[in-house]
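Data first, discussion second: the structure below is written as C-alpha cells.
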Amino acid sequence: MFRGIQFAVLIVSLKQAISFAPSTTRQPMSTRLYNTQENLIGQERRNFLATMLIASCSILTPQIATAEEDLTSQLFNADGSLKEGAMNGLSAKELEAKDKAVDVVFPITSNDAAIVSVDGEGVAEKSDQNIKATYNVPEKWTAAPDYLDTLLSSRERACDRITVYQVPGTFKDFSILEKATTIGVAKALGFASVAKGVLPKTLPSADIVSGKKTSKSASTKEDETEKRKYYEFDMAVAPDTCGSSAENLGLGFCPYDTIVLLSATIVEQKMMVLAVTCTKDEWKRSNADLKRVRNSFYVEAA
C-alpha cells in the first residue's frame, strides 16, 4: 500500500511539473495558436493518463490488503479445520499438512479369518512371503488411537480408527472387486471375516455414498511400469436404533452417525483392505484429511 501511495504522489508531481513548465521562446501568433491547441491536446492526454494511474493505485491497494486479511477465512472453517480443497495452489508446508507413513507387514498365509491390524498395531506373524501395507496420517494428528488435530484450538479428535486387514482366500484377479456394487461391498470386501468390534456393527447394511477405481504403481521400484488397481468406497453408517437427537425426524430410518472410507486391492492373490472410520462430527471437522489417509493406501509384495 505504501508503494502505491509513493507511485501516486510521483505521478501528481510530474503532472504539476508539466502543467507549470514556463515557455522560454516567443513565437509568431499563428505558430503560438497552433502550438497552444497542440499543447492543450497533449496536456489533456497527460492529465487523463495521470488520473487513470492514480485511480488504479487507489483501487488496487485496498484489494490487496483485503485479500491478506481474508486469507484465514479462505483456508479454514469456523471451527479451525482446513477447508477441503484449500491446499490447491499452496504448498503442504504452508498449510502444516505434512504426513507420516505407517507400515504394516502381513504374512501370505491361508487363514479362515481375516488378519487384522488396528491403528498400525498387531500382525506379529510373518512368513517367507509377505505383503507390506502403507498409509499416511497427518503429522498434525497426535499418535493413535487418539488422533487429535493439534491445529485446532480445542484439539478435537479427527479419526476414530484406521484398520487394515487381509481377506482370507485366494483371488486370482480383480473380478470380485469389479462386481462389488452389484454383489454388495460387504461381501466383496469380506466384512464377515473381520473380528466383531473392529468394524462398525451395521457396516454391512450401510449405504454406498460413492465409489471409484484408481491405479497406482505396482511397486516402489524406480523402473516399475506395471499398475495395480484400487477400489475405493465411501460408506455412510446408521446406528441400530434411532436416538432422540434433533436429526431424527421420524422418517422411519436413523440418521447416519459414522462414515467409513474403504480402499481395496489385490496383491500376490491376497485382498488387502483399508478402512478409515470416523464419527459424523469427526467427518465434519476433518473430511479432507480423512480422504487423504484413504487415498494414500498402498500395498506391495515385501
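Naming scheme: A, B, ... for chains in displayed order of the C-alpha cells; residues 1 onward per chain; ligands 1 onward as shown.
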
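For A:Arg228, the non-local neighbours within 6 Å, defined as residues at least 6 positions apart in the same chain or in other chains and counting only C-alpha atoms, are Ser215, Lys216, Ser217 and Ala218 of chain A.
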
Please list as a PyMOL selection string every residue within 12 Å of A:Gly184, counting only C-alpha atoms and excluding residues in the same chain fewer than 6 positions away. chain A and resi 176-178+190-191+203-208+233+235

Taking N, CA, C and O atoms for each residue, export the selection above as a compact mmCIF listing (two decimals), in the first residue's frame.
```txt
# COMPACT_ATOMS: atom_id res chain seq x y z
N ILE A 176 -13.99 -59.89 -8.40
CA ILE A 176 -14.91 -59.71 -7.28
C ILE A 176 -15.02 -58.24 -6.88
O ILE A 176 -16.08 -57.76 -6.49
N LEU A 177 -13.92 -57.51 -7.01
CA LEU A 177 -13.96 -56.08 -6.71
C LEU A 177 -14.69 -55.31 -7.80
O LEU A 177 -15.35 -54.30 -7.53
N GLU A 178 -14.58 -55.78 -9.02
CA GLU A 178 -15.31 -55.16 -10.13
C GLU A 178 -16.81 -55.25 -9.91
O GLU A 178 -17.57 -54.37 -10.32
N GLY A 190 -15.26 -58.83 2.24
CA GLY A 190 -15.12 -59.79 3.34
C GLY A 190 -15.32 -59.22 4.72
O GLY A 190 -14.57 -59.57 5.65
N PHE A 191 -16.33 -58.38 4.91
CA PHE A 191 -16.58 -57.82 6.25
C PHE A 191 -16.80 -58.90 7.30
O PHE A 191 -16.37 -58.78 8.45
N LEU A 203 -22.11 -51.81 9.48
CA LEU A 203 -21.44 -51.51 8.22
C LEU A 203 -21.94 -52.35 7.04
O LEU A 203 -22.07 -51.83 5.93
N PRO A 204 -22.22 -53.64 7.23
CA PRO A 204 -22.72 -54.44 6.09
C PRO A 204 -23.98 -53.88 5.44
O PRO A 204 -24.22 -54.09 4.24
N SER A 205 -24.80 -53.18 6.20
CA SER A 205 -26.05 -52.62 5.66
C SER A 205 -25.93 -51.13 5.36
O SER A 205 -26.93 -50.45 5.08
N ALA A 206 -24.72 -50.59 5.42
CA ALA A 206 -24.51 -49.16 5.20
C ALA A 206 -24.77 -48.79 3.74
O ALA A 206 -24.71 -49.63 2.84
N ASP A 207 -25.05 -47.53 3.53
CA ASP A 207 -25.29 -47.02 2.18
C ASP A 207 -23.97 -46.64 1.52
O ASP A 207 -23.07 -46.08 2.16
N ILE A 208 -23.87 -46.93 0.23
CA ILE A 208 -22.69 -46.53 -0.54
C ILE A 208 -22.91 -45.10 -1.03
O ILE A 208 -23.79 -44.85 -1.86
N PHE A 233 -14.46 -46.93 -1.75
CA PHE A 233 -15.89 -46.77 -1.45
C PHE A 233 -16.05 -45.89 -0.21
O PHE A 233 -15.32 -46.04 0.76
N MET A 235 -18.74 -45.15 2.68
CA MET A 235 -19.93 -45.78 3.27
C MET A 235 -20.46 -44.91 4.41
O MET A 235 -19.70 -44.44 5.26
```

Counting only C-alpha atoms, which residues of stretch 174-274 of chain A fall within 9 Å of stretch 117-141 of chain A, and what is the closest atom pair for each with its distance in Å at one decimal, ordered by chain and rising number, as a Markdown table?
```
| residue | atom | partner | partner_atom | distance |
| --- | --- | --- | --- | --- |
| A:Val198 | CA | A:Val118 | CA | 7.8 |
| A:Val267 | CA | A:Ile131 | CA | 7.7 |
| A:Glu268 | CA | A:Ile131 | CA | 8.0 |
| A:Lys270 | CA | A:Ile131 | CA | 8.8 |
| A:Met272 | CA | A:Ala133 | CA | 8.0 |
| A:Leu274 | CA | A:Tyr135 | CA | 8.7 |
```

Export of the given selection (all heavy atoms) as a short mmCIF file (atom, residue, chain, number, x, y, z; two decimals), in the first residue's frame:
```
data_model
loop_
_atom_site.label_atom_id
_atom_site.label_comp_id
_atom_site.auth_asym_id
_atom_site.auth_seq_id
_atom_site.Cartn_x
_atom_site.Cartn_y
_atom_site.Cartn_z
N VAL A 198 -14.31 -54.63 15.39
CA VAL A 198 -13.28 -53.91 14.64
C VAL A 198 -13.92 -52.91 13.69
O VAL A 198 -13.54 -51.74 13.63
CB VAL A 198 -12.37 -54.88 13.87
CG1 VAL A 198 -11.39 -54.12 12.99
CG2 VAL A 198 -11.63 -55.79 14.83
N VAL A 267 -2.94 -58.17 -4.15
CA VAL A 267 -1.53 -58.36 -4.43
C VAL A 267 -1.14 -59.76 -4.01
O VAL A 267 -1.56 -60.24 -2.95
CB VAL A 267 -0.68 -57.30 -3.70
CG1 VAL A 267 -0.94 -57.33 -2.20
CG2 VAL A 267 0.81 -57.49 -3.98
N GLU A 268 -0.38 -60.44 -4.83
CA GLU A 268 0.02 -61.82 -4.57
C GLU A 268 -1.20 -62.70 -4.27
O GLU A 268 -1.18 -63.55 -3.37
CB GLU A 268 1.01 -61.88 -3.40
CG GLU A 268 2.29 -61.10 -3.62
CD GLU A 268 3.13 -61.67 -4.76
OE1 GLU A 268 3.11 -62.90 -4.97
OE2 GLU A 268 3.80 -60.87 -5.45
N LYS A 270 -3.85 -61.98 -2.79
CA LYS A 270 -4.45 -61.68 -1.50
C LYS A 270 -5.12 -60.32 -1.56
O LYS A 270 -4.54 -59.36 -2.08
CB LYS A 270 -3.39 -61.69 -0.38
CG LYS A 270 -2.90 -63.09 -0.02
CD LYS A 270 -4.01 -63.92 0.61
CE LYS A 270 -3.55 -65.29 1.03
NZ LYS A 270 -4.64 -66.10 1.62
N MET A 272 -6.26 -56.98 0.11
CA MET A 272 -5.91 -56.12 1.23
C MET A 272 -6.89 -54.95 1.26
O MET A 272 -7.19 -54.34 0.23
CB MET A 272 -4.48 -55.60 1.09
CG MET A 272 -3.42 -56.70 0.99
SD MET A 272 -3.31 -57.73 2.48
CE MET A 272 -2.90 -56.49 3.71
N LEU A 274 -8.20 -51.33 3.41
CA LEU A 274 -8.03 -50.27 4.40
C LEU A 274 -9.41 -49.72 4.73
O LEU A 274 -10.21 -49.46 3.83
CB LEU A 274 -7.16 -49.15 3.85
CG LEU A 274 -7.08 -47.88 4.72
CD1 LEU A 274 -6.09 -48.09 5.86
CD2 LEU A 274 -6.67 -46.67 3.90
#
```

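One distance worth recording is that between atom CA of A:Ala238 and atom CA of A:Ile259, which is 9.0 Å.
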
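Nearest residue to A:Thr265 among A:Asp240, A:Asp173, A:Asp289, A:Asp160 is A:Asp173, counting only C-alpha atoms.
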
May I ask which of the residues A:Ala195, A:Val185, A:Ala101, A:Leu151 is the closest one to A:Phe297, counting only C-alpha atoms? A:Ala101

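Atom CA of A:Val164 is positioned 23.1 Å from atom CA of A:Arg285.
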
Among stretch 161-203 of chain A, which ones does DSSP assign to strand (DSSP E or B) (computed from the backbone)? Answer as a ChimeraX atom specification. /A:161-167,196,199

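The spacing separating atom CA of A:Thr258 from atom CA of A:Ser153 amounts to 23.8 Å.
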